[in-house]
Amino acid sequence: MFSVTPSIDPAVIRLAPGFRALSLVVDAAPLVNPAIADEALKRACASVVAGEANWAEAHLAAWAEAFKAFGAKPKRTPCSADALRKRVQRDGAMPAIDPIVDLYNAISIRYAIPVGGENFAAYTSQPRLTIADGTELFDTVKEGEPASESPEPGEVIWRDEQGVTCRRWNWRQGVRTRLSAEAKQMWFILESLPAMPLEALHQAGDELIQGIALMMPGSRIEKQLIGEIG
């Protein structure tokens with residue numbers, strides 16, 4: 001089993017006191033039940049249309065305030081969970097992308113929580129949640145072509161030694177570490193603020209674990225709570 005030990009810069013905690021996250025490490029077995037993800041995504045979209053947990057809007061509002069704290073404009077670049085849920089509210093559904101991506105998007109939509117999924121085999125060091133100085137490189141796609149850009153100084157980013165893996169905390173993931181169902185070393189990060197009950201955070205993590213176990217029987221999965229735990 002490979003090891004992932006994400007670290008959090010204290011400066012990030014000062015921006016968003018009470019930030020905590022679940023880190024899931026998955027030594028993935030072959031995909032045998034992709035329909036599990038399709039069903040999960042449909043259920044998640046239906047839950048948004050029908051109604052949601054009474055803390056969901058407060059959690060998304062807290063993320064908007066956290067984004068404002070480091071200079072982002074959440075209406076233009078919202079947290080990933082807010083972006084997904086607004087799309088579902090507008091369209092009533094989410095198109096399929098990839099079974100493992102669809103599964104973690106379903107958890108994000110259902111629980112109003114940013115969820116990142118990464119191909120850890122592409123990492124060059126352990127992941128760090130930190131503050132950008134503006135010189136880091138982020139690989140992306142512009143007009144259909146590979147491109148590089150840099151975050152704004154002061155922006156919250158996930159990174160490794162090679163560069164940025166996710167901009168604006170959880171707004172946009174990079175190409176290099178993009179996850180698909182073919183990956184063998186998967187890392188997921190479910191990020192929450194105090195407006196989301198800790199019990200709900202664990203429920204979201206357990207639901208993702210259950211989905212992976214059903215889709216990829218024989219996968220080995222480890223869960224760790226990180227951040228401000230007390």
# chains A, B, ... in the order shown; residues from 1 in each chain; ligands from 1
call {"tool": "residues_around", "arguments": {"residues": "stretch 141-156 of chain A", "least_positions_apart": "5", "cutoff": "8 Å", "atoms": "only C-alpha atoms", "output": "MDAnalysis selection string"}}
result
chainID A and resid 12 70:72 129:136 167:169 175
call {"tool": "write_last_selection", "arguments": {"atoms": "all heavy atoms", "output": "compact mmCIF listing (two decimals), in the first residue's frame"}}
result
# COMPACT_ATOMS: atom_id res chain seq x y z
N VAL A 12 -3.02 28.73 5.83
CA VAL A 12 -4.32 28.36 5.27
C VAL A 12 -5.35 28.23 6.39
O VAL A 12 -6.50 28.69 6.25
CB VAL A 12 -4.21 27.04 4.47
CG1 VAL A 12 -5.59 26.58 4.02
CG2 VAL A 12 -3.29 27.22 3.27
N PHE A 70 -8.85 34.91 0.50
CA PHE A 70 -7.55 34.94 -0.19
C PHE A 70 -7.64 35.66 -1.54
O PHE A 70 -6.75 35.55 -2.38
CB PHE A 70 -6.95 33.54 -0.34
CG PHE A 70 -7.70 32.57 -1.21
CD1 PHE A 70 -7.55 32.57 -2.59
CD2 PHE A 70 -8.54 31.62 -0.64
CE1 PHE A 70 -8.22 31.66 -3.38
CE2 PHE A 70 -9.20 30.69 -1.41
CZ PHE A 70 -9.04 30.72 -2.80
N GLY A 71 -8.70 36.45 -1.74
CA GLY A 71 -8.77 37.33 -2.89
C GLY A 71 -9.50 36.79 -4.10
O GLY A 71 -9.56 37.46 -5.14
N ALA A 72 -10.07 35.59 -4.00
CA ALA A 72 -10.83 35.03 -5.13
C ALA A 72 -12.23 35.63 -5.16
O ALA A 72 -12.72 36.16 -4.16
CB ALA A 72 -10.91 33.51 -5.01
N LEU A 129 -1.11 21.77 0.91
CA LEU A 129 -2.08 22.85 0.78
C LEU A 129 -1.40 24.09 1.33
O LEU A 129 -1.06 24.15 2.52
CB LEU A 129 -3.35 22.53 1.56
CG LEU A 129 -4.49 23.55 1.46
CD1 LEU A 129 -5.02 23.66 0.04
CD2 LEU A 129 -5.62 23.19 2.42
N THR A 130 -1.19 25.08 0.49
CA THR A 130 -0.35 26.20 0.90
C THR A 130 -0.77 27.48 0.18
O THR A 130 -1.76 27.50 -0.57
CB THR A 130 1.14 25.87 0.62
OG1 THR A 130 1.97 26.87 1.21
CG2 THR A 130 1.43 25.76 -0.86
N ILE A 131 0.00 28.53 0.39
CA ILE A 131 -0.26 29.83 -0.22
C ILE A 131 0.73 30.05 -1.36
O ILE A 131 1.94 29.89 -1.18
CB ILE A 131 -0.10 30.98 0.81
CG1 ILE A 131 -0.96 30.71 2.06
CG2 ILE A 131 -0.45 32.31 0.16
CD1 ILE A 131 -2.44 30.72 1.82
N ALA A 132 0.23 30.39 -2.52
CA ALA A 132 1.09 30.58 -3.69
C ALA A 132 1.88 31.88 -3.60
O ALA A 132 1.39 32.89 -3.08
CB ALA A 132 0.23 30.59 -4.96
N ASP A 133 3.10 31.84 -4.15
CA ASP A 133 3.86 33.10 -4.29
C ASP A 133 3.73 33.66 -5.70
O ASP A 133 4.23 34.75 -5.99
CB ASP A 133 5.33 32.90 -3.92
CG ASP A 133 6.07 31.91 -4.82
OD1 ASP A 133 5.64 31.66 -5.95
OD2 ASP A 133 7.10 31.37 -4.36
N GLY A 134 3.07 32.93 -6.59
CA GLY A 134 2.81 33.42 -7.94
C GLY A 134 3.79 32.95 -8.98
O GLY A 134 3.60 33.21 -10.18
N THR A 135 4.83 32.22 -8.56
CA THR A 135 5.82 31.73 -9.54
C THR A 135 5.58 30.27 -9.91
O THR A 135 6.21 29.76 -10.84
CB THR A 135 7.24 31.86 -8.98
OG1 THR A 135 7.38 31.01 -7.82
CG2 THR A 135 7.54 33.30 -8.58
N GLU A 136 4.69 29.58 -9.19
CA GLU A 136 4.45 28.16 -9.44
C GLU A 136 3.78 27.97 -10.81
O GLU A 136 3.09 28.86 -11.32
CB GLU A 136 3.53 27.58 -8.34
CG GLU A 136 4.05 27.74 -6.93
CD GLU A 136 3.64 29.05 -6.27
OE1 GLU A 136 3.12 29.96 -6.98
OE2 GLU A 136 3.85 29.17 -5.05
N ARG A 167 -5.79 24.73 -8.46
CA ARG A 167 -5.81 26.17 -8.21
C ARG A 167 -7.01 26.58 -7.37
O ARG A 167 -8.02 25.91 -7.31
CB ARG A 167 -5.86 26.94 -9.54
CG ARG A 167 -4.53 27.00 -10.28
CD ARG A 167 -4.52 28.13 -11.28
NE ARG A 167 -4.74 29.43 -10.64
CZ ARG A 167 -4.93 30.57 -11.31
NH1 ARG A 167 -4.95 30.56 -12.64
NH2 ARG A 167 -5.13 31.70 -10.67
N ARG A 168 -6.85 27.74 -6.73
CA ARG A 168 -7.90 28.33 -5.89
C ARG A 168 -8.53 27.28 -4.99
O ARG A 168 -9.73 27.09 -4.98
CB ARG A 168 -8.94 29.05 -6.75
CG ARG A 168 -8.35 30.26 -7.47
CD ARG A 168 -9.41 31.21 -8.02
NE ARG A 168 -8.74 32.35 -8.65
CZ ARG A 168 -8.61 32.50 -9.97
NH1 ARG A 168 -9.13 31.61 -10.79
NH2 ARG A 168 -7.99 33.55 -10.47
N TRP A 169 -7.66 26.62 -4.26
CA TRP A 169 -8.02 25.63 -3.24
C TRP A 169 -8.59 24.37 -3.89
O TRP A 169 -7.97 23.32 -3.88
CB TRP A 169 -9.00 26.22 -2.21
CG TRP A 169 -8.93 25.53 -0.87
CD1 TRP A 169 -8.79 24.20 -0.62
CD2 TRP A 169 -8.99 26.17 0.41
NE1 TRP A 169 -8.78 23.96 0.72
CE2 TRP A 169 -8.90 25.15 1.38
CE3 TRP A 169 -9.12 27.49 0.83
CZ2 TRP A 169 -8.93 25.42 2.76
CZ3 TRP A 169 -9.15 27.76 2.19
CH2 TRP A 169 -9.05 26.74 3.14
N VAL A 175 -3.92 19.06 -15.23
CA VAL A 175 -3.97 17.94 -16.16
C VAL A 175 -3.06 16.80 -15.72
O VAL A 175 -3.42 15.63 -15.81
CB VAL A 175 -3.59 18.42 -17.58
CG1 VAL A 175 -3.53 17.25 -18.55
CG2 VAL A 175 -4.59 19.47 -18.07
call {"tool": "select_by_dssp", "arguments": {"residues": "stretch 14-184 of chain A", "states": "helix (DSSP H, G or I)", "output": "VMD selection string"}}
result
chain A and resid 14 to 15 35 to 50 56 to 69 80 to 91 99 to 111 120 to 122
call {"tool": "write_last_selection", "arguments": {"atoms": "C-alpha atoms", "output": "short mmCIF file (atom, residue, chain, number, x, y, z; two decimals), in the first residue's frame"}}
result
data_model
loop_
_atom_site.label_atom_id
_atom_site.label_comp_id
_atom_site.auth_asym_id
_atom_site.auth_seq_id
_atom_site.Cartn_x
_atom_site.Cartn_y
_atom_site.Cartn_z
CA ARG A 14 -5.69 31.17 9.59
CA LEU A 15 -7.71 31.99 6.46
CA ALA A 35 -22.88 1.27 -13.33
CA ILE A 36 -22.46 2.00 -9.60
CA ALA A 37 -21.13 5.46 -10.46
CA ASP A 38 -23.93 6.19 -12.92
CA GLU A 39 -26.56 5.29 -10.33
CA ALA A 40 -24.81 7.36 -7.63
CA LEU A 41 -24.64 10.42 -9.88
CA LYS A 42 -28.34 10.17 -10.77
CA ARG A 43 -29.30 9.86 -7.10
CA ALA A 44 -27.12 12.82 -6.15
CA CYS A 45 -28.62 15.03 -8.85
CA ALA A 46 -32.13 14.02 -7.77
CA SER A 47 -31.32 14.90 -4.15
CA VAL A 48 -30.35 18.47 -5.15
CA VAL A 49 -33.52 18.95 -7.17
CA ALA A 50 -35.74 17.50 -4.41
CA ALA A 56 -25.69 22.61 2.77
CA GLU A 57 -26.23 26.25 1.83
CA ALA A 58 -24.38 27.42 4.93
CA HIS A 59 -21.43 25.21 4.01
CA LEU A 60 -21.27 26.59 0.47
CA ALA A 61 -21.59 30.13 1.85
CA ALA A 62 -18.67 29.44 4.19
CA TRP A 63 -16.59 28.32 1.23
CA ALA A 64 -17.46 31.55 -0.58
CA GLU A 65 -16.18 33.52 2.41
CA ALA A 66 -12.99 31.42 2.51
CA PHE A 67 -12.39 32.18 -1.17
CA LYS A 68 -12.91 35.90 -0.56
CA ALA A 69 -10.36 35.71 2.28
CA SER A 80 -15.92 22.94 -6.91
CA ALA A 81 -18.98 21.77 -4.97
CA ASP A 82 -20.85 25.01 -5.61
CA ALA A 83 -20.05 24.86 -9.32
CA LEU A 84 -21.32 21.29 -9.62
CA ARG A 85 -24.51 21.92 -7.69
CA LYS A 86 -25.36 25.06 -9.66
CA ARG A 87 -24.97 23.06 -12.85
CA VAL A 88 -27.35 20.41 -11.54
CA GLN A 89 -29.84 23.05 -10.41
CA ARG A 90 -29.70 24.58 -13.89
CA ASP A 91 -29.73 21.40 -16.00
CA PRO A 99 -16.74 6.19 -13.60
CA ILE A 100 -14.42 7.19 -10.78
CA VAL A 101 -14.85 10.92 -11.52
CA ASP A 102 -18.62 10.47 -11.69
CA LEU A 103 -18.58 8.72 -8.31
CA TYR A 104 -16.67 11.43 -6.47
CA ASN A 105 -18.71 14.14 -8.22
CA ALA A 106 -21.82 12.39 -6.91
CA ILE A 107 -20.47 12.64 -3.35
CA SER A 108 -19.61 16.30 -3.87
CA ILE A 109 -23.10 17.10 -5.16
CA ARG A 110 -24.94 15.06 -2.55
CA TYR A 111 -23.01 16.43 0.43
CA PHE A 120 -1.06 9.84 -7.12
CA ALA A 121 1.36 8.02 -9.43
CA ALA A 122 1.83 11.38 -11.20
#
call {"tool": "residues_around", "arguments": {"residues": "A:Met216", "least_positions_apart": "4", "cutoff": "12 Å", "atoms": "only C-alpha atoms", "output": "ChimeraX atom specification"}}
result
/A:26-37,99-100,103,181-184,208-212,220-221
call {"tool": "write_last_selection", "arguments": {"atoms": "C-alpha atoms", "output": "PDB file, in the first residue's frame"}}
result
ATOM      1  CA  VAL A  26      -6.929   3.792  -2.643  1.00  0.00           C
ATOM      2  CA  ASP A  27      -4.803   0.974  -4.010  1.00  0.00           C
ATOM      3  CA  ALA A  28      -7.274   0.337  -6.806  1.00  0.00           C
ATOM      4  CA  ALA A  29      -8.382  -3.008  -8.197  1.00  0.00           C
ATOM      5  CA  PRO A  30      -9.729  -3.280 -11.766  1.00  0.00           C
ATOM      6  CA  LEU A  31     -13.066  -1.635 -12.507  1.00  0.00           C
ATOM      7  CA  VAL A  32     -15.834  -4.237 -12.802  1.00  0.00           C
ATOM      8  CA  ASN A  33     -19.055  -2.379 -11.889  1.00  0.00           C
ATOM      9  CA  PRO A  34     -19.074   1.056 -13.594  1.00  0.00           C
ATOM     10  CA  ALA A  35     -22.876   1.274 -13.330  1.00  0.00           C
ATOM     11  CA  ILE A  36     -22.458   1.998  -9.596  1.00  0.00           C
ATOM     12  CA  ALA A  37     -21.134   5.457 -10.461  1.00  0.00           C
ATOM     13  CA  PRO A  99     -16.744   6.188 -13.605  1.00  0.00           C
ATOM     14  CA  ILE A 100     -14.423   7.191 -10.780  1.00  0.00           C
ATOM     15  CA  LEU A 103     -18.576   8.721  -8.315  1.00  0.00           C
ATOM     16  CA  ALA A 181     -10.733   4.694 -13.487  1.00  0.00           C
ATOM     17  CA  GLU A 182      -7.559   3.223 -15.033  1.00  0.00           C
ATOM     18  CA  ALA A 183      -5.335   4.666 -12.296  1.00  0.00           C
ATOM     19  CA  LYS A 184      -3.907   2.263  -9.729  1.00  0.00           C
ATOM     20  CA  LEU A 208     -17.249   7.196  -1.362  1.00  0.00           C
ATOM     21  CA  ILE A 209     -15.394   4.216   0.136  1.00  0.00           C
ATOM     22  CA  GLN A 210     -18.459   1.999  -0.285  1.00  0.00           C
ATOM     23  CA  GLY A 211     -18.869   3.074  -3.907  1.00  0.00           C
ATOM     24  CA  ILE A 212     -15.226   2.356  -4.733  1.00  0.00           C
ATOM     25  CA  ARG A 220      -7.453  -1.423  -0.466  1.00  0.00           C
ATOM     26  CA  ILE A 221      -8.635   1.840   1.081  1.00  0.00           C
TER      27      ILE A 221
END
call {"tool": "atom_distance", "arguments": {"atom1": "atom CA of A:Pro17", "atom2": "atom CA of A:Leu179"}}
result
29.2 Å
call {"tool": "residues_around", "arguments": {"residues": "A:Ser192", "least_positions_apart": "5", "cutoff": "10 Å", "atoms": "only C-alpha atoms", "output": "list in words"}}
result
Gly18, Phe19, Arg20, Ala21, Leu22, His59, Leu60, Ala62, Trp63, Ala112, Ile113, Pro114, Val115, Pro197, Leu198, Ala200, Leu201 and Gly227 of chain A
call {"tool": "atom_distance", "arguments": {"atom1": "atom CA of A:Trp187", "atom2": "atom CA of A:Pro10"}}
result
22.1 Å
call {"tool": "closest_residue", "arguments": {"among": "A:Gln224, A:Asn170, A:Thr177, A:Gln203", "to": "A:Pro78", "atoms": "only C-alpha atoms"}}
result
A:Asn170
call {"tool": "residues_around", "arguments": {"residues": "A:Trp158", "least_positions_apart": "2", "cutoff": "6 Å", "atoms": "only C-alpha atoms", "output": "PDB file with N, CA and C atoms, in the first residue's frame"}}
result
ATOM      1  N   ARG A 128       0.747  19.304  -0.756  1.00  0.00           N
ATOM      2  CA  ARG A 128       0.748  20.377   0.233  1.00  0.00           C
ATOM      3  C   ARG A 128      -0.351  21.377  -0.097  1.00  0.00           C
ATOM      4  N   LEU A 129      -1.111  21.768   0.909  1.00  0.00           N
ATOM      5  CA  LEU A 129      -2.077  22.852   0.780  1.00  0.00           C
ATOM      6  C   LEU A 129      -1.404  24.089   1.335  1.00  0.00           C
ATOM      7  N   VAL A 164       1.692  23.243  -9.278  1.00  0.00           N
ATOM      8  CA  VAL A 164       0.340  23.308  -8.740  1.00  0.00           C
ATOM      9  C   VAL A 164      -0.483  22.136  -9.282  1.00  0.00           C
ATOM     10  N   THR A 165      -1.190  21.466  -8.392  1.00  0.00           N
ATOM     11  CA  THR A 165      -2.090  20.388  -8.814  1.00  0.00           C
ATOM     12  C   THR A 165      -3.547  20.826  -8.787  1.00  0.00           C
ATOM     13  N   CYS A 166      -3.867  21.869  -8.020  1.00  0.00           N
ATOM     14  CA  CYS A 166      -5.223  22.407  -8.005  1.00  0.00           C
ATOM     15  C   CYS A 166      -5.179  23.889  -7.635  1.00  0.00           C
TER      16      CYS A 166
END
call {"tool": "atom_distance", "arguments": {"atom1": "atom CA of A:Val4", "atom2": "atom CA of A:Leu24"}}
result
8.7 Å
call {"tool": "decode", "arguments": {"residues": "stretch 170-202 of chain A", "atoms": "N, CA, C and O atoms", "output": "PDB file, in the first residue's frame"}}
result
ATOM      1  N   ASN A 170      -9.781  24.464  -4.438  1.00  0.00           N
ATOM      2  CA  ASN A 170     -10.399  23.293  -5.071  1.00  0.00           C
ATOM      3  C   ASN A 170     -11.207  23.659  -6.310  1.00  0.00           C
ATOM      4  O   ASN A 170     -12.074  22.912  -6.740  1.00  0.00           O
ATOM      5  N   TRP A 171     -10.885  24.794  -6.894  1.00  0.00           N
ATOM      6  CA  TRP A 171     -11.649  25.304  -8.038  1.00  0.00           C
ATOM      7  C   TRP A 171     -11.354  24.533  -9.316  1.00  0.00           C
ATOM      8  O   TRP A 171     -12.254  24.098 -10.028  1.00  0.00           O
ATOM      9  N   ARG A 172     -10.080  24.344  -9.631  1.00  0.00           N
ATOM     10  CA  ARG A 172      -9.728  23.679 -10.889  1.00  0.00           C
ATOM     11  C   ARG A 172      -8.491  22.801 -10.713  1.00  0.00           C
ATOM     12  O   ARG A 172      -7.437  23.268 -10.284  1.00  0.00           O
ATOM     13  N   GLN A 173      -8.635  21.522 -11.084  1.00  0.00           N
ATOM     14  CA  GLN A 173      -7.516  20.585 -11.002  1.00  0.00           C
ATOM     15  C   GLN A 173      -6.664  20.643 -12.267  1.00  0.00           C
ATOM     16  O   GLN A 173      -7.154  20.958 -13.359  1.00  0.00           O
ATOM     17  N   GLY A 174      -5.386  20.309 -12.114  1.00  0.00           N
ATOM     18  CA  GLY A 174      -4.470  20.309 -13.245  1.00  0.00           C
ATOM     19  C   GLY A 174      -4.582  19.039 -14.075  1.00  0.00           C
ATOM     20  O   GLY A 174      -5.217  18.063 -13.686  1.00  0.00           O
ATOM     21  N   VAL A 175      -3.917  19.062 -15.226  1.00  0.00           N
ATOM     22  CA  VAL A 175      -3.972  17.942 -16.158  1.00  0.00           C
ATOM     23  C   VAL A 175      -3.060  16.798 -15.718  1.00  0.00           C
ATOM     24  O   VAL A 175      -3.422  15.625 -15.814  1.00  0.00           O
ATOM     25  N   ARG A 176      -1.884  17.138 -15.217  1.00  0.00           N
ATOM     26  CA  ARG A 176      -0.858  16.129 -14.922  1.00  0.00           C
ATOM     27  C   ARG A 176      -1.346  15.044 -13.972  1.00  0.00           C
ATOM     28  O   ARG A 176      -1.059  13.863 -14.168  1.00  0.00           O
ATOM     29  N   THR A 177      -2.082  15.420 -12.945  1.00  0.00           N
ATOM     30  CA  THR A 177      -2.501  14.462 -11.926  1.00  0.00           C
ATOM     31  C   THR A 177      -3.969  14.056 -12.073  1.00  0.00           C
ATOM     32  O   THR A 177      -4.560  13.492 -11.154  1.00  0.00           O
ATOM     33  N   ARG A 178      -4.542  14.333 -13.229  1.00  0.00           N
ATOM     34  CA  ARG A 178      -5.961  14.028 -13.459  1.00  0.00           C
ATOM     35  C   ARG A 178      -6.227  12.542 -13.256  1.00  0.00           C
ATOM     36  O   ARG A 178      -5.462  11.688 -13.706  1.00  0.00           O
ATOM     37  N   LEU A 179      -7.344  12.252 -12.612  1.00  0.00           N
ATOM     38  CA  LEU A 179      -7.694  10.880 -12.253  1.00  0.00           C
ATOM     39  C   LEU A 179      -8.665  10.264 -13.247  1.00  0.00           C
ATOM     40  O   LEU A 179      -9.541  10.945 -13.773  1.00  0.00           O
ATOM     41  N   SER A 180      -8.495   8.968 -13.481  1.00  0.00           N
ATOM     42  CA  SER A 180      -9.463   8.185 -14.248  1.00  0.00           C
ATOM     43  C   SER A 180      -9.556   6.806 -13.604  1.00  0.00           C
ATOM     44  O   SER A 180      -8.758   6.447 -12.734  1.00  0.00           O
ATOM     45  N   ALA A 181     -10.513   6.020 -14.056  1.00  0.00           N
ATOM     46  CA  ALA A 181     -10.733   4.694 -13.487  1.00  0.00           C
ATOM     47  C   ALA A 181      -9.590   3.736 -13.784  1.00  0.00           C
ATOM     48  O   ALA A 181      -9.506   2.665 -13.162  1.00  0.00           O
ATOM     49  N   GLU A 182      -8.691   4.093 -14.711  1.00  0.00           N
ATOM     50  CA  GLU A 182      -7.559   3.223 -15.033  1.00  0.00           C
ATOM     51  C   GLU A 182      -6.412   3.370 -14.036  1.00  0.00           C
ATOM     52  O   GLU A 182      -5.506   2.537 -13.994  1.00  0.00           O
ATOM     53  N   ALA A 183      -6.423   4.419 -13.247  1.00  0.00           N
ATOM     54  CA  ALA A 183      -5.335   4.666 -12.296  1.00  0.00           C
ATOM     55  C   ALA A 183      -5.285   3.572 -11.231  1.00  0.00           C
ATOM     56  O   ALA A 183      -6.312   3.035 -10.820  1.00  0.00           O
ATOM     57  N   LYS A 184      -4.092   3.267 -10.771  1.00  0.00           N
ATOM     58  CA  LYS A 184      -3.907   2.263  -9.729  1.00  0.00           C
ATOM     59  C   LYS A 184      -3.715   2.890  -8.357  1.00  0.00           C
ATOM     60  O   LYS A 184      -4.081   2.304  -7.333  1.00  0.00           O
ATOM     61  N   GLN A 185      -3.111   4.071  -8.329  1.00  0.00           N
ATOM     62  CA  GLN A 185      -2.873   4.771  -7.067  1.00  0.00           C
ATOM     63  C   GLN A 185      -3.763   6.016  -7.040  1.00  0.00           C
ATOM     64  O   GLN A 185      -3.468   7.012  -7.702  1.00  0.00           O
ATOM     65  N   MET A 186      -4.846   5.944  -6.293  1.00  0.00           N
ATOM     66  CA  MET A 186      -5.820   7.036  -6.236  1.00  0.00           C
ATOM     67  C   MET A 186      -5.769   7.725  -4.884  1.00  0.00           C
ATOM     68  O   MET A 186      -5.652   7.075  -3.852  1.00  0.00           O
ATOM     69  N   TRP A 187      -5.877   9.046  -4.925  1.00  0.00           N
ATOM     70  CA  TRP A 187      -5.955   9.824  -3.696  1.00  0.00           C
ATOM     71  C   TRP A 187      -7.142  10.779  -3.797  1.00  0.00           C
ATOM     72  O   TRP A 187      -7.298  11.473  -4.805  1.00  0.00           O
ATOM     73  N   PHE A 188      -7.980  10.759  -2.759  1.00  0.00           N
ATOM     74  CA  PHE A 188      -9.148  11.627  -2.704  1.00  0.00           C
ATOM     75  C   PHE A 188      -9.049  12.520  -1.478  1.00  0.00           C
ATOM     76  O   PHE A 188      -8.590  12.096  -0.419  1.00  0.00           O
ATOM     77  N   ILE A 189      -9.492  13.763  -1.646  1.00  0.00           N
ATOM     78  CA  ILE A 189      -9.516  14.688  -0.528  1.00  0.00           C
ATOM     79  C   ILE A 189     -10.901  15.328  -0.471  1.00  0.00           C
ATOM     80  O   ILE A 189     -11.371  15.908  -1.443  1.00  0.00           O
ATOM     81  N   LEU A 190     -11.590  15.144   0.668  1.00  0.00           N
ATOM     82  CA  LEU A 190     -12.916  15.707   0.899  1.00  0.00           C
ATOM     83  C   LEU A 190     -12.748  16.843   1.889  1.00  0.00           C
ATOM     84  O   LEU A 190     -12.377  16.618   3.050  1.00  0.00           O
ATOM     85  N   GLU A 191     -13.013  18.081   1.472  1.00  0.00           N
ATOM     86  CA  GLU A 191     -12.652  19.262   2.243  1.00  0.00           C
ATOM     87  C   GLU A 191     -13.888  19.929   2.846  1.00  0.00           C
ATOM     88  O   GLU A 191     -14.838  20.245   2.126  1.00  0.00           O
ATOM     89  N   SER A 192     -13.835  20.158   4.146  1.00  0.00           N
ATOM     90  CA  SER A 192     -15.003  20.752   4.803  1.00  0.00           C
ATOM     91  C   SER A 192     -14.616  21.893   5.737  1.00  0.00           C
ATOM     92  O   SER A 192     -13.480  21.995   6.206  1.00  0.00           O
ATOM     93  N   LEU A 193     -15.606  22.727   6.010  1.00  0.00           N
ATOM     94  CA  LEU A 193     -15.506  23.815   6.980  1.00  0.00           C
ATOM     95  C   LEU A 193     -16.506  23.534   8.108  1.00  0.00           C
ATOM     96  O   LEU A 193     -17.372  22.664   7.978  1.00  0.00           O
ATOM     97  N   PRO A 194     -16.407  24.243   9.239  1.00  0.00           N
ATOM     98  CA  PRO A 194     -17.231  23.907  10.403  1.00  0.00           C
ATOM     99  C   PRO A 194     -18.742  23.925  10.161  1.00  0.00           C
ATOM    100  O   PRO A 194     -19.487  23.308  10.929  1.00  0.00           O
ATOM    101  N   ALA A 195     -19.211  24.623   9.126  1.00  0.00           N
ATOM    102  CA  ALA A 195     -20.650  24.631   8.847  1.00  0.00           C
ATOM    103  C   ALA A 195     -21.171  23.248   8.481  1.00  0.00           C
ATOM    104  O   ALA A 195     -22.374  22.982   8.582  1.00  0.00           O
ATOM    105  N   MET A 196     -20.278  22.366   8.058  1.00  0.00           N
ATOM    106  CA  MET A 196     -20.657  20.977   7.763  1.00  0.00           C
ATOM    107  C   MET A 196     -20.387  20.137   8.999  1.00  0.00           C
ATOM    108  O   MET A 196     -19.258  20.102   9.486  1.00  0.00           O
ATOM    109  N   PRO A 197     -21.389  19.449   9.516  1.00  0.00           N
ATOM    110  CA  PRO A 197     -21.149  18.607  10.696  1.00  0.00           C
ATOM    111  C   PRO A 197     -20.074  17.553  10.427  1.00  0.00           C
ATOM    112  O   PRO A 197     -20.013  16.996   9.324  1.00  0.00           O
ATOM    113  N   LEU A 198     -19.265  17.286  11.436  1.00  0.00           N
ATOM    114  CA  LEU A 198     -18.212  16.294  11.280  1.00  0.00           C
ATOM    115  C   LEU A 198     -18.796  14.928  10.929  1.00  0.00           C
ATOM    116  O   LEU A 198     -18.219  14.176  10.128  1.00  0.00           O
ATOM    117  N   GLU A 199     -19.946  14.615  11.492  1.00  0.00           N
ATOM    118  CA  GLU A 199     -20.598  13.344  11.180  1.00  0.00           C
ATOM    119  C   GLU A 199     -20.916  13.247   9.687  1.00  0.00           C
ATOM    120  O   GLU A 199     -20.752  12.188   9.067  1.00  0.00           O
ATOM    121  N   ALA A 200     -21.354  14.360   9.098  1.00  0.00           N
ATOM    122  CA  ALA A 200     -21.677  14.354   7.672  1.00  0.00           C
ATOM    123  C   ALA A 200     -20.416  14.183   6.825  1.00  0.00           C
ATOM    124  O   ALA A 200     -20.445  13.522   5.773  1.00  0.00           O
ATOM    125  N   LEU A 201     -19.308  14.765   7.269  1.00  0.00           N
ATOM    126  CA  LEU A 201     -18.045  14.577   6.562  1.00  0.00           C
ATOM    127  C   LEU A 201     -17.677  13.095   6.535  1.00  0.00           C
ATOM    128  O   LEU A 201     -17.299  12.557   5.484  1.00  0.00           O
ATOM    129  N   HIS A 202     -17.795  12.433   7.666  1.00  0.00           N
ATOM    130  CA  HIS A 202     -17.481  11.000   7.706  1.00  0.00           C
ATOM    131  C   HIS A 202     -18.471  10.191   6.870  1.00  0.00           C
ATOM    132  O   HIS A 202     -18.084   9.212   6.216  1.00  0.00           O
TER     133      HIS A 202
END
